[in-house]
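Below is one structure, written out as structure tokens; comments come after it.
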Amino acid sequence: MVFIMIKEVIKLIRVKQWIKNVFVIIPLFFSLKFTELSVCISALYTFSAFCLTSSFVYVLNDILDREKDKLHPKKKYRPLASGILSVSFAFFLLAVLLCFVILFLFIINDNKVLYIVCLYLGMNLLYSFKLKHLVLADVFVIALGFILRVYAGAYAIDVSVSSFLFMTTFFLALFLAFSKRKSELCKTGESTREVLKNYSSEVINQYIIISAGLTILCYSLYTLEPHTIERFGTNRLIYSVFFVTYGIFRYMYLLNFSEEIEDPTEAVYADKGLFLTCLGFCAYILLILFNIV
């Protein structure tokens with residue numbers, strides 16, 4: 001019984017979705033400061049704070065959307081929609097998560113990180129109650145959430161964010177958010193998300209293509225930026241564009257031809273091609289850092 005309870009709590013707080021908070025680690029990765037233990041610890045604490053904050057938002061959304069989730073072919077199996085966990089327990093879990101977020105923020109002891117986490121939480125509360133029902137605003141709020149992750153990670157380790165890296169993150173987040181909207185629209189229709197009635201497959205396809213192209217372009221410009229070349233000590237980072245382009249194209253393929261993929265996080269875990277592309281990208285960066293390529 002205890003094992004089942006723990007399993008359902010893990011599903012409720014969406015541990016698998018914590019992969020999205022890897023964006024907090026991006027400044028650490030591209031600043032090449034991951035050899036410094038204290039810097040890595042600061043980044044890890046910030047990552048943990050965002051994981052718990054995002055889990056707080058997921059639990060709150062499940063409480064608010066539990067009736068609509070019962071109509072969804074997959075979401076109806078969520079702990080609250082299925083009735084396995086009670087709403088009162090979910091509110092207790094919200095309090096526990098908030099306490100741990102405050103604890104991590106106290107340990108980090110950085111006002112800028114504190115402000116960003118508070119802004120992220122406040123923005124998502126607005127999203128839960130209002131913004132998720134507004135066309136385009138629902139997607140741009142998600143994109144802004146990824147931007148806040150990157151800046152929190154940068155402030156935590158005291159580095160600046162490249163303009164091109166900022167734009168890459170923004171357009172990638174838009175690409176993923178619009179892709180998810182398309183998947184929801186095609187597979188479940190308007191019954192599970194009210195805002196979907198304001199979208200059409202044709203319009204979303206245009207948004208996806210534009211944001212995908214701008215993601216590849218901005219990342220390419222980032223790799224060619226003089227400051228990036230100076231930091232990495234080489235201009236060979238440009239060849240990592242292969243992995244970025246293939247990963248985006250692979251996800252677009254899955255979006256159109258796979259019945260199983262509905263969420264970007266699921267795609268990374270479920271599709272070997274996408275998973276290996278992510279590993280290949282990280283491996284190539286490490287090979288550059290150790291002057292092997």
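Please note that chains go A, B, ... in the order of the structure tokens, that every chain numbers its residues from 1, and that ligands are numbered from 1 in the order shown.
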
- Task: For A:Ile10, please output as a list of chain:residue names all residues within 12 Å (counting only C-alpha atoms; exclusion window: fewer than 5 positions along the same chain).
- Result: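 Final neighbour list, sorted by chain and number: A:Phe3, A:Ile4, A:Met5, A:Val15, A:Lys16, A:Gln17, A:Trp18, A:Leu52, A:Ser55, A:Tyr58, A:Val59, A:Arg78, A:Pro79, A:Leu85, A:Leu93.
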
- Residue contacts of stretch 100-106 of chain A (12 Å, only C-alpha atoms) excluding same-chain residues fewer than 3 positions away, as a PyMOL selection string: chain A and resi 41-56+93-97+109-118+121+152+156

- Assign secondary structure with DSSP using the backbone only, and return the residues of stretch 131-187 of chain A in alpha helix (DSSP H) as a VMD selection string. chain A and resid 137 to 156 163 to 187

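Distance check against A:Phe129 using only C-alpha atoms: of A:Phe290, A:Leu28, A:Thr265, A:Val57, the minimum falls on A:Val57.
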
- Task: Rank nothing, just name the residue among A:Glu36, A:Asp138, A:Asp62, A:Glu225 nearest to A:Leu165, using only C-alpha atoms.
- Result: A:Glu225

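Using only C-alpha atoms for every distance, the candidate list A:Leu32, A:Ser88, A:Lys197, A:Asp271 yields A:Leu32 as the residue closest to A:Leu286.
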
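The smallest atom-to-atom distance between A:Leu176 and any of A:Lys130, A:Lys20, A:Lys75, A:Lys11, using only C-alpha atoms, is found for A:Lys20.
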
- Selected residue, from A:Gln206, A:Ser200, A:Thr245, A:Ser183, that lies nearest to A:Phe257 when counting only C-alpha atoms: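 The shortest atom-to-atom distance to A:Phe257 comes from A:Ser183.
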
Within 7 Å of stretch 160-164 of chain A, which residues of stretch 212-256 of chain A show up? Give each one with its shortest atom-to-atom distance in Å (one decimal) and the two atoms involved, counting only C-alpha atoms, rows by chain then rising residue number, as a tab-separated table.
```
residue	atom	partner	partner_atom	distance
A:Cys218	CA	A:Phe164	CA	5.6
A:Tyr219	CA	A:Phe164	CA	6.7
A:Leu221	CA	A:Phe164	CA	6.6
A:Tyr222	CA	A:Phe164	CA	5.1
```

- Name the residues in contact with A:Phe178 at a cut-off of 9 Å, using only C-alpha atoms, excluding same-chain residues fewer than 2 positions from it; report them as a ChimeraX atom specification. /A:139,173-176,180-183,204-205,207-208,211
